[in-house]
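Undergrad: My structure file input.txt, compact mmCIF, C-alpha atoms and all ligand atoms, is below:
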```txt
# COMPACT_ATOMS: atom_id res chain seq x y z
CA MET A 1 21.52 11.50 -26.60
CA ALA A 2 19.57 8.35 -27.30
CA GLY A 3 20.53 5.00 -25.85
CA LEU A 4 19.37 3.08 -22.81
CA ARG A 5 15.92 4.35 -21.86
CA LEU A 6 15.96 5.49 -18.23
CA ALA A 7 13.04 6.10 -15.92
CA VAL A 8 13.93 7.94 -12.71
CA LEU A 9 11.78 7.62 -9.58
CA ILE A 10 11.97 10.44 -7.06
CA SER A 11 10.21 11.82 -4.00
CA GLY A 12 11.96 15.14 -3.39
CA ARG A 13 14.88 17.41 -4.18
CA GLY A 14 16.10 15.51 -7.22
CA SER A 15 19.77 16.46 -7.20
CA ASN A 16 20.73 12.96 -8.34
CA LEU A 17 18.10 13.22 -11.05
CA GLN A 18 19.80 16.49 -12.07
CA ALA A 19 23.18 14.73 -12.24
CA LEU A 20 21.62 12.15 -14.57
CA ILE A 21 19.93 14.87 -16.67
CA ASP A 22 23.28 16.64 -17.02
CA ALA A 23 25.06 13.40 -17.93
CA CYS A 24 22.43 12.53 -20.54
CA ALA A 25 22.90 15.96 -22.13
CA ARG A 26 26.48 15.06 -22.99
CA GLU A 27 27.06 14.00 -26.56
CA ASP A 28 28.74 10.69 -25.78
CA TYR A 29 26.51 9.53 -22.91
CA PRO A 30 24.79 6.25 -23.78
CA ALA A 31 21.42 6.85 -22.09
CA GLU A 32 18.38 9.13 -22.15
CA ILE A 33 15.72 9.84 -19.54
CA VAL A 34 12.29 9.03 -20.95
CA LEU A 35 10.20 9.47 -17.79
CA VAL A 36 10.43 10.87 -14.27
CA ILE A 37 7.90 9.53 -11.76
CA SER A 38 7.31 11.06 -8.34
CA ASN A 39 5.02 9.80 -5.61
CA LYS A 40 4.74 13.42 -4.45
CA ALA A 41 3.21 16.13 -6.63
CA ASP A 42 5.35 18.86 -5.05
CA ALA A 43 8.71 17.13 -5.45
CA GLN A 44 11.32 19.70 -6.50
CA GLY A 45 12.79 17.17 -8.91
CA LEU A 46 9.65 17.28 -11.07
CA GLN A 47 10.46 20.87 -11.98
CA ARG A 48 14.02 19.88 -12.88
CA ALA A 49 12.59 17.29 -15.27
CA ARG A 50 10.10 19.74 -16.79
CA ASP A 51 12.89 22.28 -17.28
CA ALA A 52 14.80 19.65 -19.22
CA GLY A 53 11.76 18.80 -21.33
CA ILE A 54 11.36 15.32 -19.82
CA ALA A 55 7.94 13.68 -19.38
CA THR A 56 6.79 13.54 -15.76
CA LEU A 57 4.14 11.65 -13.87
CA THR A 58 2.93 11.86 -10.30
CA ILE A 59 1.71 8.56 -8.90
CA ASN A 60 0.59 9.32 -5.37
CA HIS A 61 0.73 6.23 -3.15
CA LYS A 62 -2.15 7.66 -1.13
CA ASP A 63 -4.45 7.20 -4.14
CA TYR A 64 -3.98 3.42 -4.06
CA ALA A 65 -5.59 0.85 -1.77
CA ASP A 66 -2.39 -1.00 -1.02
CA ARG A 67 1.24 -1.32 -2.01
CA LYS A 68 0.54 -3.83 -4.77
CA ALA A 69 -1.90 -1.48 -6.51
CA PHE A 70 0.64 1.36 -6.29
CA ASP A 71 3.47 -0.86 -7.56
CA ASP A 72 1.28 -2.03 -10.47
CA ALA A 73 0.55 1.57 -11.47
CA VAL A 74 4.28 2.37 -11.46
CA ASP A 75 4.99 -0.81 -13.40
CA ALA A 76 2.40 0.07 -16.05
CA ALA A 77 3.82 3.57 -16.49
CA LEU A 78 7.35 2.19 -16.87
CA LYS A 79 6.19 -0.28 -19.50
CA ASP A 80 4.26 2.44 -21.36
CA ALA A 81 7.44 4.50 -21.48
CA LYS A 82 9.42 1.44 -22.65
CA ALA A 83 11.94 1.99 -19.85
CA GLY A 84 15.02 -0.19 -20.05
CA LEU A 85 16.47 0.78 -16.66
CA VAL A 86 14.73 2.18 -13.59
CA CYS A 87 16.79 4.47 -11.37
CA LEU A 88 15.61 5.15 -7.82
CA ALA A 89 16.93 8.56 -6.81
CA GLY A 90 15.67 9.58 -3.40
CA PHE A 91 12.46 7.59 -3.91
CA MET A 92 11.05 7.19 -0.42
CA ARG A 93 8.66 4.25 -0.95
CA LEU A 94 9.58 0.62 -0.55
CA LEU A 95 8.72 -1.38 -3.66
CA GLY A 96 7.22 -4.85 -3.16
CA GLU A 97 8.93 -8.13 -3.93
CA ALA A 98 6.86 -8.84 -7.07
CA PHE A 99 7.79 -5.46 -8.56
CA VAL A 100 11.45 -5.89 -7.67
CA GLU A 101 11.49 -9.34 -9.29
CA ARG A 102 9.78 -8.04 -12.44
CA TRP A 103 12.53 -5.44 -12.81
CA ARG A 104 15.35 -7.65 -11.57
CA ASP A 105 18.75 -6.34 -12.77
CA ARG A 106 16.97 -3.43 -14.46
CA LEU A 107 16.31 -1.54 -11.20
CA ILE A 108 19.04 0.39 -9.36
CA ASN A 109 19.24 2.62 -6.31
CA ILE A 110 21.65 5.10 -4.78
CA HIS A 111 22.25 5.06 -1.05
CA PRO A 112 24.31 7.55 0.99
CA SER A 113 26.64 5.11 2.76
CA LEU A 114 29.19 2.47 1.92
CA LEU A 115 26.84 -0.49 2.01
CA PRO A 116 26.38 -2.84 3.75
CA ALA A 117 27.17 -0.30 6.50
CA PHE A 118 24.39 2.07 7.54
CA LYS A 119 21.34 0.78 5.72
CA GLY A 120 18.14 2.76 6.20
CA LEU A 121 17.65 6.41 7.06
CA ALA A 122 19.83 9.11 8.67
CA THR A 123 22.97 7.34 7.42
CA GLN A 124 25.14 10.44 7.64
CA ALA A 125 24.24 11.22 11.27
CA ARG A 126 24.85 7.60 12.21
CA ALA A 127 28.23 7.61 10.44
CA VAL A 128 29.26 10.76 12.37
CA ASP A 129 28.03 9.23 15.65
CA ALA A 130 29.92 6.01 14.99
CA GLY A 131 33.16 7.94 14.43
CA VAL A 132 33.96 6.25 11.11
CA ARG A 133 36.78 7.95 9.17
CA VAL A 134 35.46 7.10 5.72
CA SER A 135 31.94 7.07 4.34
CA GLY A 136 30.44 7.52 0.91
CA CYS A 137 27.72 6.24 -1.34
CA THR A 138 26.69 3.08 -3.13
CA VAL A 139 24.85 2.44 -6.38
CA HIS A 140 23.41 -1.06 -6.39
CA PHE A 141 20.92 -3.30 -8.12
CA VAL A 142 17.77 -3.53 -6.03
CA ARG A 143 16.68 -6.69 -4.25
CA ALA A 144 13.62 -7.22 -2.08
CA ALA A 145 15.43 -6.43 1.19
CA MET A 146 15.95 -2.72 1.87
CA ASP A 147 19.29 -1.24 0.68
CA ASP A 148 20.42 -4.67 -0.43
CA GLY A 149 21.66 -6.00 -3.76
CA PRO A 150 24.72 -6.34 -6.00
CA ILE A 151 26.99 -3.28 -5.79
CA ILE A 152 27.83 -1.48 -9.04
CA VAL A 153 29.78 1.61 -7.91
CA GLN A 154 30.91 2.96 -4.57
CA ALA A 155 32.51 6.35 -3.92
CA ALA A 156 34.32 7.06 -0.66
CA VAL A 157 34.78 10.40 1.10
CA PRO A 158 36.57 11.28 4.34
CA VAL A 159 34.59 12.05 7.48
CA LEU A 160 36.26 15.14 8.96
CA ALA A 161 36.68 15.91 12.65
CA ASP A 162 34.26 18.84 12.70
CA ASP A 163 31.62 17.25 10.47
CA ASP A 164 28.02 17.25 11.51
CA ALA A 165 25.46 15.19 9.61
CA ASP A 166 24.76 18.04 7.16
CA ALA A 167 28.41 18.65 6.31
CA LEU A 168 28.99 14.96 5.72
CA ALA A 169 25.77 14.66 3.69
CA ALA A 170 26.90 17.51 1.43
CA ARG A 171 30.27 15.83 0.82
CA ILE A 172 28.63 12.47 0.14
CA LEU A 173 26.11 14.11 -2.20
CA LYS A 174 28.93 15.41 -4.40
CA ALA A 175 30.20 11.84 -4.61
CA GLU A 176 26.68 10.61 -5.44
CA HIS A 177 26.52 12.96 -8.41
CA LYS A 178 29.62 11.29 -9.85
CA ALA A 179 28.75 7.72 -8.88
CA TYR A 180 25.21 7.57 -10.28
CA PRO A 181 26.02 8.69 -13.84
CA LEU A 182 29.02 6.34 -13.83
CA ALA A 183 26.92 3.36 -12.76
CA VAL A 184 24.31 4.09 -15.43
CA ARG A 185 27.03 4.45 -18.06
CA LEU A 186 28.57 1.09 -17.10
CA ILE A 187 25.18 -0.60 -17.40
CA ALA A 188 24.28 1.18 -20.64
CA GLU A 189 27.59 0.15 -22.19
CA GLY A 190 27.01 -3.45 -21.15
CA ARG A 191 30.07 -3.39 -18.89
CA ALA A 192 28.27 -4.14 -15.61
CA ARG A 193 26.85 -7.65 -15.34
CA VAL A 194 25.41 -9.50 -12.36
CA VAL A 195 27.15 -12.84 -11.91
CA ASN A 196 26.29 -14.90 -8.84
CA GLU A 197 24.86 -11.82 -7.15
CA ARG A 198 28.02 -9.81 -7.60
CA VAL A 199 28.60 -7.21 -10.31
CA VAL A 200 31.39 -7.92 -12.77
CA ILE A 201 32.73 -4.80 -14.53
CA ASP A 202 34.22 -5.39 -17.96
CA GLY A 203 36.73 -3.27 -19.83
CA VAL A 204 37.76 -0.91 -17.04
CA LYS A 205 41.37 -0.97 -15.85
CA PRO A 206 41.46 -1.26 -12.07
CA ILE A 207 43.70 1.12 -10.14
CA GLU A 208 45.13 0.00 -6.81
CA GLY A 209 45.58 2.45 -3.99
CA VAL A 210 44.96 3.32 -0.37
CA MET A 211 42.83 6.12 1.02
CA LEU A 212 44.09 7.19 4.44
CA ASN A 213 42.02 9.37 6.72
CA PRO A 214 43.54 11.15 8.53
CA PRO A 215 46.41 11.56 6.09
CA ASP A 216 49.79 10.46 7.41
CA PRO A 217 51.44 13.65 8.81
CA ALA A 218 54.84 12.02 8.44
CA ALA A 219 54.42 11.77 4.69
CA LYS A 220 56.33 14.34 2.61
CA ARG A 221 53.19 15.64 0.99
CA PRO A 222 50.28 14.35 3.09
CA SER A 223 47.45 13.18 0.87
CA LEU A 224 44.29 11.18 1.42
CA PHE A 225 45.21 8.97 -1.47
CA GLU A 226 48.27 6.83 -1.89
CA PHE A 227 48.04 5.20 -5.27
CA PHE A 228 50.41 2.45 -6.10
CA GLU A 229 52.30 3.42 -9.20
CA ARG A 230 50.68 0.86 -11.40
CA GLN A 231 47.44 -0.22 -12.98
CA ARG A 232 46.71 -3.91 -12.96
CA ASP A 233 46.21 -5.61 -16.29
C1 LIG B 301 20.35 10.97 -1.67
O1 LIG B 301 21.20 11.16 -0.59
C2 LIG B 301 20.23 9.51 -2.03
O2 LIG B 301 21.40 8.80 -1.81
C3 LIG B 301 19.15 9.04 -1.08
O3 LIG B 301 18.23 10.09 -1.04
C4 LIG B 301 18.90 11.31 -1.33
C5 LIG B 301 18.18 11.93 -2.49
O4 LIG B 301 18.67 13.21 -2.80
N1 LIG B 301 18.60 7.77 -1.52
P1 LIG B 301 18.22 13.90 -4.15
O5 LIG B 301 16.70 13.93 -4.15
O6 LIG B 301 18.76 13.11 -5.29
O7 LIG B 301 18.80 15.29 -4.10
```
Would it be possible to restate this file's structure as structure tokens?
Ligand code: GRF

TA:
Amino acid sequence: MAGLRLAVLISGRGSNLQALIDACAREDYPAEIVLVISNKADAQGLQRARDAGIATLTINHKDYADRKAFDDAVDAALKDAKAGLVCLAGFMRLLGEAFVERWRDRLINIHPSLLPAFKGLATQARAVDAGVRVSGCTVHFVRAAMDDGPIIVQAAVPVLADDDADALAARILKAEHKAYPLAVRLIAEGRARVVNERVVIDGVKPIEGVMLNPPDPAAKRPSLFEFFERQRD
């Protein structure tokens, strides 16, 4: 449906793009994708966009003299499309400070870890190597530093004993496909606001609880989640 005008920037597979396409197809979803930009002509995500009838553009960084020229081309395309929110979804180029400032609080990213842990690449392999019991994903407003900025949504998943990086990545990816559409919805509905570099979420009842991994074997019905029996007002 109509609503907040999204542009999605990708470099590859585009499964998060697909999650946003699917969300936007729902009657009550307050956003629409007006443009998908890839820096790679063969990105699988471009086909997903075409299949959904969404305008696509390839802006190949190799065609530009420097980062600023590339950023300016992306900026111009976003303005042409009258984008209201720019969603990075597996976009593998760092955007310069000037671009990030121009789109401040209108530029978001998804990252496959619970930030600020495991910034950068190969997050899932590093989480397995570190032996953490919980990992997940983060949707955040973008700032100039890599994988930095006010956090909108996080989703946590257990890291299981026999996980390798691929198994953990697959579990995190499922969480990503829930977290990204939620974050966009919160922004589109005006419920997510940046205040003093933290995101305030309005009009959502918080639920308190504990996620235990491993589950407590002494519990009657072992579960990862132990919710307190109350919502806070
Ligand atoms: C995701 O894991 C995302 O968190 C990271 O890059 C990956 C992109 O996957 N930034 P896809 O292209 O959305 O399938």

Undergrad: Within 6 Å of ligand LIG 301 (chain B), counting all atoms listed in the file: which residues, as a list in words?

TA: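 Here is the list of contacting residues: Gly12, Arg13, Gly14, Ser15, Asn16, Leu17, Ala89, Gly90, Ile110, His111, Pro112 and Leu173 of chain A.
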
Undergrad: Produce a table with one row for each residue of segment 70-150 of chain A that has an atom at most 9 Å from any atom of segment 26-34 of chain A, each row naming the nearest atom pair and its distance in Å at one decimal; use all atoms listed in the file; arrange rows by chain and rising residue number; format as a Markdown table.

TA:
```
| residue | atom | partner | partner_atom | distance |
| --- | --- | --- | --- | --- |
| A:Ala81 | CA | A:Val34 | CA | 6.7 |
| A:Lys82 | CA | A:Val34 | CA | 8.3 |
| A:Ala83 | CA | A:Val34 | CA | 7.1 |
```

Undergrad: Point out the residue among A:Leu4, A:Ile10, A:Ile151, A:Val210 with the least atom-to-atom distance to Gly84 of chain A, counting only C-alpha atoms.

TA: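 Once distances to Gly84 of chain A are computed over only C-alpha atoms, the minimum belongs to A:Leu4.
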
Undergrad: Out of A:Leu94, A:Ala219, A:Leu186, A:Leu115, which residue has the shortest atom-to-atom distance to Met146 of chain A when counting all atoms listed in the file?

TA: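 Of the candidates, the smallest distance to Met146 of chain A is held by A:Leu94.
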
Undergrad: What does the distance between atom CA of Leu160 of chain A and atom CA of Thr138 of chain A come to in Å, to one decimal place?

TA: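 Those two atoms sit 19.6 Å apart.
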
Undergrad: With all atoms listed in the file as the basis for distance, which of A:Ala127, A:Leu20, A:Val195, A:Cys137 is at the shortest distance from Asp164 of chain A?

TA: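 Nearest to Asp164 of chain A: A:Ala127.
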
Undergrad: Using all atoms listed in the file, which of the listed residues (A:Leu212, A:Ala165, A:Val100, A:Ala218) sits closest to Gln124 of chain A?

TA: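 Of the candidates, the smallest distance to Gln124 of chain A is held by A:Ala165.
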
Undergrad: If I take atom CA of Val36 of chain A and atom CA of Gln18 of chain A, how far is one from the other in Å, to one decimal?

TA: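 Separation of atom CA of Val36 of chain A and atom CA of Gln18 of chain A: 11.1 Å.
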
Undergrad: Find, counting all atoms listed in the file, the residue in A:Asp71, A:Arg143, A:Tyr180, A:Pro217 that gets nearest to Ile21 of chain A.

TA: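 For Ile21 of chain A, the nearest of the given residues is A:Tyr180.
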
Undergrad: Leaving out Arg50 of chain A and any residue of its chain fewer than 2 positions from it, which residues lie within 12 Å of it when counting all atoms listed in the file, given as a CSV table (one decimal) with C-alpha atoms, in the frame of the given file?

TA:
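Final output, result_26.csv:
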```csv
chain,number,residue,atom,x,y,z
A,17,LEU,CA,18.1,13.2,-11.0
A,18,GLN,CA,19.8,16.5,-12.1
A,21,ILE,CA,19.9,14.9,-16.7
A,33,ILE,CA,15.7,9.8,-19.5
A,34,VAL,CA,12.3,9.0,-21.0
A,35,LEU,CA,10.2,9.5,-17.8
A,36,VAL,CA,10.4,10.9,-14.3
A,37,ILE,CA,7.9,9.5,-11.8
A,43,ALA,CA,8.7,17.1,-5.4
A,44,GLN,CA,11.3,19.7,-6.5
A,45,GLY,CA,12.8,17.2,-8.9
A,46,LEU,CA,9.6,17.3,-11.1
A,47,GLN,CA,10.5,20.9,-12.0
A,48,ARG,CA,14.0,19.9,-12.9
A,52,ALA,CA,14.8,19.6,-19.2
A,53,GLY,CA,11.8,18.8,-21.3
A,54,ILE,CA,11.4,15.3,-19.8
A,55,ALA,CA,7.9,13.7,-19.4
A,56,THR,CA,6.8,13.5,-15.8
A,57,LEU,CA,4.1,11.6,-13.9
```

Undergrad: Closest to Ile172 of chain A among A:Ala188, A:Asp148, A:Ala117, A:Thr123, using only C-alpha atoms?

TA: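 Nearest to Ile172 of chain A: A:Thr123.
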
Undergrad: What's the separation between atom CA of Phe227 of chain A and atom CA of Ala192 of chain A, in Å to one decimal place?

TA: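 Distance reported for this atom pair: 24.2 Å.
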